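Trainee: Contents of entry_34.cif (mmCIF, C-alpha atoms):
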```
data_protein
loop_
_atom_site.label_atom_id
_atom_site.label_comp_id
_atom_site.auth_asym_id
_atom_site.auth_seq_id
_atom_site.Cartn_x
_atom_site.Cartn_y
_atom_site.Cartn_z
CA MET A 29 19.69 -67.95 -136.65
CA TYR A 30 20.99 -71.47 -137.09
CA SER A 31 20.67 -73.85 -139.98
CA VAL A 32 22.11 -77.24 -140.91
CA GLU A 33 21.02 -77.55 -144.55
CA LYS A 34 24.50 -76.69 -145.88
CA MET A 35 26.59 -78.23 -143.13
CA GLU A 36 28.90 -81.14 -143.97
CA VAL A 37 28.24 -83.42 -141.01
CA SER A 38 27.94 -86.80 -142.72
CA SER A 39 31.13 -88.24 -141.24
CA LEU A 40 31.98 -86.04 -138.25
CA PRO A 41 33.33 -88.26 -135.45
CA THR A 42 32.53 -85.65 -132.77
CA LEU A 43 29.34 -83.62 -132.37
CA ARG A 44 29.13 -80.89 -129.73
CA ILE A 45 25.85 -78.99 -129.51
CA SER A 46 25.36 -76.17 -127.02
CA ASP A 47 22.40 -73.86 -126.66
CA HIS A 48 24.79 -71.16 -125.39
CA SER A 49 25.79 -70.42 -128.98
CA MET A 50 22.22 -70.25 -130.21
CA ASP A 51 20.23 -67.09 -130.92
CA TRP A 52 17.41 -67.17 -128.36
CA ASN A 53 15.88 -63.84 -129.36
CA PHE A 54 12.34 -65.21 -129.49
CA ASP A 55 9.17 -63.74 -127.99
CA ASP A 56 7.50 -67.14 -128.13
CA SER A 57 8.99 -69.82 -125.82
CA PHE A 58 7.37 -72.58 -127.83
CA GLU A 59 9.02 -71.30 -131.01
CA ALA A 60 12.42 -71.15 -129.29
CA LEU A 61 12.01 -74.68 -127.93
CA ASN A 62 10.90 -76.03 -131.27
CA LYS A 63 13.75 -74.35 -133.16
CA TYR A 64 16.33 -76.12 -131.04
CA ILE A 65 14.58 -79.49 -131.39
CA VAL A 66 14.38 -79.15 -135.18
CA PHE A 67 18.04 -78.13 -135.31
CA VAL A 68 19.22 -81.25 -133.46
CA ASP A 69 16.81 -83.48 -135.42
CA ARG A 70 18.17 -82.27 -138.75
CA LEU A 71 21.77 -82.43 -137.62
CA LEU A 72 21.47 -86.09 -136.68
CA LEU A 73 19.47 -86.85 -139.81
CA LEU A 74 22.36 -85.60 -141.97
CA CYS A 75 24.81 -88.02 -140.40
CA ASP A 76 25.89 -90.80 -142.72
CA SER A 77 24.17 -93.98 -141.58
CA SER A 78 27.36 -95.99 -142.19
CA SER A 79 29.62 -93.74 -140.07
CA ASP A 80 30.26 -93.90 -136.34
CA ILE A 81 29.90 -91.05 -133.87
CA GLN A 82 32.74 -91.28 -131.38
CA THR A 83 31.62 -88.40 -129.13
CA PHE A 84 28.21 -86.75 -128.76
CA LYS A 85 27.94 -83.80 -126.37
CA LEU A 86 24.61 -82.05 -125.94
CA LYS A 87 24.14 -79.05 -123.66
CA TRP A 88 20.55 -77.81 -123.29
CA GLU A 89 20.51 -75.58 -120.25
CA ASN A 90 17.83 -73.09 -121.34
CA VAL A 91 15.20 -75.78 -121.71
CA GLY A 92 14.01 -75.36 -118.11
CA ASN A 93 13.24 -71.68 -118.65
CA PHE A 94 11.23 -72.34 -121.80
CA LEU A 95 9.28 -75.17 -120.19
CA SER A 96 8.54 -72.93 -117.20
CA ASP A 97 7.10 -70.31 -119.54
CA LEU A 98 4.90 -73.03 -121.04
CA ASP A 99 3.75 -74.21 -117.56
CA PHE A 100 5.63 -77.49 -118.15
CA LYS A 101 2.90 -78.70 -120.52
CA TYR A 102 5.44 -79.62 -123.20
CA ASN A 103 7.20 -82.96 -122.73
CA VAL A 104 10.68 -82.94 -124.29
CA SER A 105 11.59 -86.41 -123.00
CA ARG A 106 10.55 -88.13 -126.25
CA HIS A 107 12.82 -85.87 -128.30
CA ILE A 108 15.79 -86.57 -126.04
CA ALA A 109 15.07 -90.30 -126.31
CA THR A 110 15.02 -90.00 -130.11
CA TRP A 111 18.42 -88.26 -130.12
CA ILE A 112 19.91 -90.92 -127.86
CA MET A 113 18.54 -93.69 -130.07
CA ALA A 114 20.09 -91.98 -133.11
CA VAL A 115 23.62 -91.80 -131.66
CA VAL A 116 23.39 -95.34 -130.29
CA LYS A 117 22.72 -96.51 -133.85
CA HIS A 118 25.96 -94.76 -134.81
CA ASN A 119 27.90 -96.75 -132.18
CA VAL A 120 28.56 -93.75 -129.96
CA GLN A 121 31.50 -94.20 -127.59
CA GLU A 122 31.26 -91.09 -125.41
CA LEU A 123 27.86 -89.62 -124.51
CA ASN A 124 27.63 -86.35 -122.57
CA LEU A 125 24.22 -84.85 -121.83
CA SER A 126 23.68 -81.67 -119.82
CA MET A 127 20.02 -80.70 -119.49
CA PHE A 128 18.31 -78.47 -116.98
CA LEU A 129 15.04 -80.38 -116.96
CA ARG A 130 12.32 -80.19 -114.34
CA GLN A 131 10.59 -83.46 -115.16
CA MET A 132 10.94 -87.22 -115.31
CA LEU A 133 13.21 -88.33 -118.14
CA LYS A 134 12.48 -91.76 -119.57
CA LEU A 135 15.67 -92.98 -121.19
CA PRO A 136 15.31 -95.35 -124.19
CA ASP A 137 15.91 -99.05 -123.69
CA CYS A 138 18.58 -99.15 -126.40
CA LEU A 139 20.90 -96.96 -124.31
CA PHE A 140 21.13 -99.71 -121.69
CA THR A 141 22.27 -102.27 -124.24
CA CYS A 142 24.79 -100.00 -125.97
CA LYS A 143 27.85 -102.17 -126.55
CA SER A 144 30.03 -99.35 -127.92
CA LEU A 145 29.68 -96.89 -125.01
CA THR A 146 32.84 -96.25 -122.97
CA THR A 147 31.91 -92.97 -121.23
CA LEU A 148 28.50 -91.75 -120.03
CA ARG A 149 27.88 -88.40 -118.35
CA PHE A 150 24.46 -86.97 -117.51
CA TYR A 151 24.00 -83.65 -115.69
CA GLY A 152 20.50 -82.65 -114.63
CA PHE A 153 18.97 -79.58 -112.98
CA GLY A 154 19.03 -80.92 -109.43
CA ARG A 155 18.04 -84.06 -107.58
CA ASP A 156 14.69 -82.52 -106.60
CA LEU A 157 13.94 -81.48 -110.21
CA THR A 158 15.39 -84.01 -112.67
CA ALA A 159 14.44 -87.68 -112.30
CA PHE A 160 15.57 -90.75 -114.21
CA GLY A 161 13.17 -93.47 -115.22
CA LEU A 162 15.15 -96.68 -115.72
CA PRO A 163 13.62 -99.44 -117.90
CA ASP A 164 12.49 -102.46 -115.89
CA ASN A 165 12.08 -105.01 -118.69
CA THR A 166 15.50 -104.69 -120.28
CA GLU A 167 18.63 -106.78 -119.83
CA TYR A 168 21.23 -104.07 -119.23
CA ASN A 169 24.58 -104.59 -120.94
CA PHE A 170 27.48 -102.10 -121.00
CA PRO A 171 30.46 -104.31 -121.89
CA LEU A 172 32.84 -101.38 -122.58
CA LEU A 173 31.63 -98.67 -120.17
CA ARG A 174 34.56 -97.49 -118.04
CA TYR A 175 33.44 -94.06 -116.84
CA LEU A 176 29.99 -93.15 -115.47
CA ALA A 177 29.09 -89.74 -114.03
CA LEU A 178 25.68 -88.55 -112.84
CA LYS A 179 24.97 -85.09 -111.44
CA GLY A 180 21.81 -83.38 -110.23
CA VAL A 181 19.46 -86.31 -110.74
CA SER A 182 17.18 -88.57 -108.74
CA ILE A 183 16.94 -92.33 -109.34
CA GLY A 184 14.41 -93.82 -106.98
CA ASN A 185 14.46 -97.56 -107.70
CA GLU A 186 17.26 -99.29 -105.77
CA ASN A 187 16.94 -102.62 -107.62
CA LEU A 188 17.11 -101.02 -111.07
CA THR A 189 20.00 -98.75 -110.09
CA SER A 190 21.93 -101.73 -108.75
CA LYS A 191 21.13 -103.61 -111.96
CA PHE A 192 22.35 -100.62 -113.99
CA PHE A 193 25.72 -100.41 -112.21
CA SER A 194 26.19 -104.18 -112.13
CA SER A 195 25.82 -104.36 -115.92
CA CYS A 196 29.16 -102.58 -116.33
CA PRO A 197 31.81 -105.33 -115.96
CA VAL A 198 34.78 -103.05 -116.77
CA LEU A 199 33.59 -99.88 -115.00
CA GLU A 200 36.59 -98.10 -113.45
CA SER A 201 35.18 -94.72 -112.34
CA LEU A 202 31.79 -93.96 -110.79
CA VAL A 203 31.14 -90.27 -110.02
CA LEU A 204 27.91 -89.18 -108.33
CA THR A 205 27.28 -85.53 -107.52
CA GLU A 206 24.16 -84.05 -105.92
CA CYS A 207 22.20 -87.25 -106.53
CA SER A 208 19.34 -88.89 -104.69
CA ILE A 209 20.17 -92.55 -105.19
CA LYS A 210 20.13 -96.01 -103.64
CA PHE A 211 22.22 -98.96 -104.77
CA ASP A 212 23.85 -102.23 -103.75
CA PHE A 213 26.86 -102.73 -106.00
CA SER A 214 29.79 -105.14 -106.02
CA SER A 215 32.58 -104.61 -108.55
CA LEU A 216 35.98 -106.13 -109.22
CA SER A 217 36.85 -103.49 -111.85
CA LEU A 218 35.98 -100.27 -109.98
CA LYS A 219 39.05 -98.19 -109.10
CA HIS A 220 37.62 -94.74 -108.36
CA PHE A 221 34.41 -93.89 -106.50
CA GLN A 222 33.25 -90.36 -105.79
CA LEU A 223 30.02 -89.21 -104.16
CA ASP A 224 29.55 -85.54 -103.30
CA ASN A 225 26.16 -84.45 -102.02
CA CYS A 226 27.22 -81.46 -99.93
CA ASP A 227 27.01 -78.74 -102.58
CA ASP A 228 23.29 -78.94 -103.30
CA VAL A 229 21.31 -76.32 -101.36
CA CYS A 230 17.71 -77.38 -101.03
CA GLU A 231 14.89 -77.01 -98.55
CA SER A 232 15.72 -80.13 -96.57
CA ILE A 233 18.61 -82.55 -96.98
CA ASP A 234 16.80 -85.08 -94.80
CA TYR A 235 14.19 -85.44 -97.54
CA TYR A 236 16.67 -87.44 -99.61
CA ASP A 237 17.06 -91.04 -98.58
CA ILE A 238 20.46 -92.14 -99.88
CA THR A 239 21.66 -95.70 -99.40
CA VAL A 240 25.11 -96.76 -100.60
CA LYS A 241 26.22 -100.38 -100.39
CA LEU A 242 29.54 -100.83 -102.15
CA SER A 243 31.98 -103.70 -102.28
CA ALA A 244 35.08 -103.01 -104.40
CA PRO A 245 38.27 -104.92 -103.55
CA ASN A 246 40.27 -103.15 -106.30
CA LEU A 247 39.17 -99.62 -105.44
CA THR A 248 42.17 -97.30 -105.07
CA SER A 249 40.55 -93.90 -104.48
CA LEU A 250 37.42 -92.91 -102.55
CA LEU A 251 35.82 -89.52 -102.05
CA CYS A 252 32.68 -89.29 -99.96
CA LYS A 253 31.05 -85.96 -99.06
CA ASP A 254 27.58 -86.34 -97.60
CA TYR A 255 25.46 -86.03 -94.46
CA MET A 256 25.50 -88.27 -91.42
CA SER A 257 21.79 -88.92 -91.81
CA GLN A 258 22.54 -91.08 -94.86
CA ASN A 259 23.47 -94.73 -94.60
CA TYR A 260 26.70 -96.14 -96.06
CA SER A 261 27.99 -99.68 -96.18
CA LEU A 262 31.51 -99.95 -97.61
CA GLU A 263 33.12 -103.39 -97.78
CA LYS A 264 36.27 -105.12 -99.03
CA LEU A 265 38.26 -101.97 -99.75
CA SER A 266 41.57 -103.80 -99.42
CA SER A 267 43.37 -101.91 -102.23
CA LEU A 268 42.47 -98.40 -101.12
CA VAL A 269 45.29 -95.85 -101.40
CA THR A 270 43.53 -92.50 -100.88
CA ALA A 271 40.29 -91.70 -99.07
CA ASP A 272 38.68 -88.30 -98.54
CA ILE A 273 35.77 -88.49 -96.08
CA GLY A 274 33.66 -85.45 -95.26
CA MET A 275 30.43 -86.25 -93.43
CA ASN A 276 28.45 -83.27 -92.12
CA VAL A 277 25.50 -82.94 -89.78
CA SER A 278 22.32 -83.19 -91.84
CA GLU A 279 21.70 -79.53 -92.44
CA ASP A 280 18.21 -78.15 -92.85
CA TYR A 281 17.76 -74.67 -94.27
CA THR A 282 14.32 -74.24 -92.74
CA PRO A 283 14.38 -71.65 -89.92
CA GLY A 284 14.40 -73.24 -86.46
CA LYS A 285 15.66 -76.64 -87.58
CA LEU A 286 18.73 -78.43 -86.13
CA LYS A 287 22.04 -77.38 -87.65
CA THR A 288 24.78 -78.30 -85.17
CA ILE A 289 26.02 -81.39 -83.31
CA SER A 290 25.24 -79.82 -79.91
CA GLU A 291 21.56 -79.55 -80.81
CA LEU A 292 21.17 -83.23 -81.66
CA THR A 293 19.48 -85.64 -79.28
CA THR A 294 21.60 -88.25 -77.52
CA GLU A 295 19.99 -90.97 -79.62
CA VAL A 296 20.80 -89.25 -82.92
CA LYS A 297 24.36 -88.50 -81.77
CA GLY A 298 24.81 -92.20 -81.06
CA LEU A 299 23.45 -93.15 -84.47
CA TYR A 300 25.66 -90.67 -86.32
CA GLY A 301 28.70 -91.69 -84.26
CA ALA A 302 28.14 -95.36 -85.09
CA ARG A 303 27.85 -94.56 -88.79
CA MET A 304 31.07 -92.56 -88.77
CA ILE A 305 32.96 -95.33 -86.98
CA LYS A 306 31.59 -97.82 -89.50
CA ILE A 307 32.99 -95.74 -92.38
CA ILE A 308 36.37 -95.27 -90.67
CA ARG A 309 36.67 -99.02 -90.09
CA ALA A 310 35.83 -99.69 -93.73
CA VAL A 311 38.84 -97.62 -94.88
CA HIS A 312 41.26 -98.67 -92.15
CA LYS A 313 43.77 -100.09 -94.67
CA VAL A 314 44.01 -96.85 -96.64
CA THR A 315 47.45 -95.27 -97.15
CA TYR A 316 46.35 -91.62 -97.17
CA LEU A 317 43.24 -90.50 -95.30
CA THR A 318 41.66 -87.04 -95.28
CA LEU A 319 38.92 -86.68 -92.67
CA SER A 320 36.90 -83.46 -92.65
CA SER A 321 33.81 -84.14 -90.59
CA PRO A 322 32.91 -81.18 -88.34
CA GLY A 323 31.82 -82.29 -84.89
CA PHE A 324 32.95 -85.91 -85.31
CA LEU A 325 34.74 -85.92 -81.95
CA GLU A 326 31.61 -84.48 -80.29
CA LEU A 327 29.74 -87.61 -81.26
CA GLU A 328 31.82 -89.78 -78.93
#
```
Show this structure as structure tokens.
Mentor:
Amino acid sequence: MYSVEKMEVSSLPTLRISDHSMDWNFDDSFEALNKYIVFVDRLLLLCDSSSDIQTFKLKWENVGNFLSDLDFKYNVSRHIATWIMAVVKHNVQELNLSMFLRQMLKLPDCLFTCKSLTTLRFYGFGRDLTAFGLPDNTEYNFPLLRYLALKGVSIGNENLTSKFFSSCPVLESLVLTECSIKFDFSSLSLKHFQLDNCDDVCESIDYYDITVKLSAPNLTSLLCKDYMSQNYSLEKLSSLVTADIGMNVSEDYTPGKLKTISELTTEVKGLYGARMIKIIRAVHKVTYLTLSSPGFLELE
């Protein structure tokens, strides 16, 4: 089993907690879930209130299985919020959360005013399973955040997402993977932007309405892997050095649905062609371009 009563954690600058190293030999899913929660609670309670936590990494990938066994009647969001509030009080600089949740996660307001945070990573269970609830009555402020990565999550509110990104005046890297997201974001500090939505296998890609409006005159590298059904507006990319563009036909895994360029209607071909040309024009000053968009020439 695991215990923290005798652990010396009062001044540890780095905390890494993974459920992979835990003993999950429980017949009762509620007991297993509660054991992990109590473990993290006690660990954070033992931290010296006057010491800072430089890095906090929490991996909780079995949580989805336990919640499934409990018919998702147990809400762990409040516990996660409590842990985040605890590390924010300790002036956390790097926050890494990996949680296979199948529910809406309401993040605490204090996270969005964390003045010490430089790196934030959050990995969910999938954009159709893990959703973010952003606070709407908070003045976001991330004065030191330079690296932001989101994976496997859905953020539905375009205005709040744009507000979130715009509150990071020194953000240099924005990495989005398998996300359902909409935003309108202008940044003078952003140097690296990556969006990859082509690895997530779900029932229908068309279900996800993704809108990207990005203006970044100091951006040097761009990677964009998505589907032609999604709408992109890229502006003022005058400093771009490398660009990797891979736009695929919106693929549907339902039997009988359209999967190739040749099966598209003339109207849809025209729409997809216009969107591809729009992206190519946006990166026309790039030094090195990688274009991997099957069927692009067929759209002419």
Trainee: Restricting the calculation to all atoms listed in the file: of A:Ser214, A:Asn165, A:Asp47, A:Leu223, which residue gets closest to Asp137 (chain A)?
Mentor: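 Looking only at the distances to Asp137 (chain A), the closest residue turns out to be A:Asn165.
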Trainee: Distance CA of Asn124 (chain A)-CA of Ala244 (chain A), one decimal place?
Mentor: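 Computing it gives 25.8 Å between the two atoms.
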Trainee: Could you spell out the hits of the PyMOL selection byres ((chain A and resi 213) around 7) on the shown file, as a VMD selection string?
Mentor: chain A and resid 190 193 to 194 211 to 212 214 to 215 241 to 243
Trainee: Measuring atom to atom with only C-alpha atoms, identify which of A:Thr141, A:Ser261, A:Thr248, A:Ser217 is nearest to Val314 (chain A).
Mentor: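 Closest to Val314 (chain A) of all the choices is A:Thr248.
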Trainee: Point out the residue among A:Tyr255, A:Leu247, A:Val296, A:Arg70 with the least atom-to-atom distance to Glu200 (chain A), counting all atoms listed in the file.
Mentor: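 Of A:Tyr255, A:Leu247, A:Val296, A:Arg70, the one nearest Glu200 (chain A) is A:Leu247, counting all atoms listed in the file.
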Trainee: Take the PyMOL selection byres ((chain A and resi 265-270) around 8), run it mentally on this structure, and tell me the resulting residues as a ChimeraX atom specification.
Mentor: /A:243-250,262-264,271-272,310-311,313-317
Trainee: For a quick check of understanding, using all atoms listed in the file, which of A:Leu129, A:Leu199, A:Val116, A:Ile238 has the smallest distance to His220 (chain A)?
Mentor: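 Result for the nearest residue to His220 (chain A): A:Leu199.
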Trainee: Measuring atom to atom with only C-alpha atoms, identify which of A:Phe221, A:Phe84, A:Tyr300, A:Phe192 is nearest to Ser321 (chain A).
Mentor: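 Between A:Phe221, A:Phe84, A:Tyr300, A:Phe192, the residue approaching Ser321 (chain A) most closely is A:Tyr300.
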Trainee: Can you tell me, as a CSV table (one decimal) with C-alpha atoms, in the frame of the given file, what residues are no more than 12 Å from Pro41 (chain A) when counting only C-alpha atoms, ignoring any on the same chain fewer than 2 positions away?
Mentor:
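This went into result-v5.csv:
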```csv
chain,number,residue,atom,x,y,z
A,36,GLU,CA,28.9,-81.1,-144.0
A,37,VAL,CA,28.2,-83.4,-141.0
A,38,SER,CA,27.9,-86.8,-142.7
A,39,SER,CA,31.1,-88.2,-141.2
A,43,LEU,CA,29.3,-83.6,-132.4
A,44,ARG,CA,29.1,-80.9,-129.7
A,75,CYS,CA,24.8,-88.0,-140.4
A,76,ASP,CA,25.9,-90.8,-142.7
A,78,SER,CA,27.4,-96.0,-142.2
A,79,SER,CA,29.6,-93.7,-140.1
A,80,ASP,CA,30.3,-93.9,-136.3
A,81,ILE,CA,29.9,-91.0,-133.9
A,82,GLN,CA,32.7,-91.3,-131.4
A,83,THR,CA,31.6,-88.4,-129.1
A,84,PHE,CA,28.2,-86.8,-128.8
A,85,LYS,CA,27.9,-83.8,-126.4
A,115,VAL,CA,23.6,-91.8,-131.7
A,118,HIS,CA,26.0,-94.8,-134.8
A,119,ASN,CA,27.9,-96.8,-132.2
A,120,VAL,CA,28.6,-93.8,-130.0
A,121,GLN,CA,31.5,-94.2,-127.6
A,122,GLU,CA,31.3,-91.1,-125.4
```
Trainee: What's the 6 Å shell around region 155-158 of chain A, counting all atoms listed in the file, without same-chain residues fewer than 4 positions away, as a list of chain:residue names?
Mentor: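 Here the answer would be A:Leu129, A:Arg130, A:Gln131, A:Gly180, A:Val181, A:Ser182, A:Cys207, A:Ser208.
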Trainee: Provide the CA of Lys87 (chain A) to CA of Val66 (chain A) distance in Å, to one decimal place.
Mentor: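 We find that CA of Lys87 (chain A) and CA of Val66 (chain A) lie 15.1 Å from each other.
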Trainee: Quick one: distance from CA of Leu125 (chain A) to CA of Leu139 (chain A) in Å, one decimal?
Mentor: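 Result for CA of Leu125 (chain A) versus CA of Leu139 (chain A): 12.8 Å, one decimal.
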Trainee: Decode the PyMOL selection byres ((chain A and resi 150) around 7) for the given file into explicit residues and return them as a list in words.
Mentor: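 With the shown file as input, the PyMOL selection byres ((chain A and resi 150) around 7) matches Asn124, Leu125, Ser126, Leu148, Arg149, Tyr151, Gly152, Ala177, Leu178 and Lys179 of chain A.
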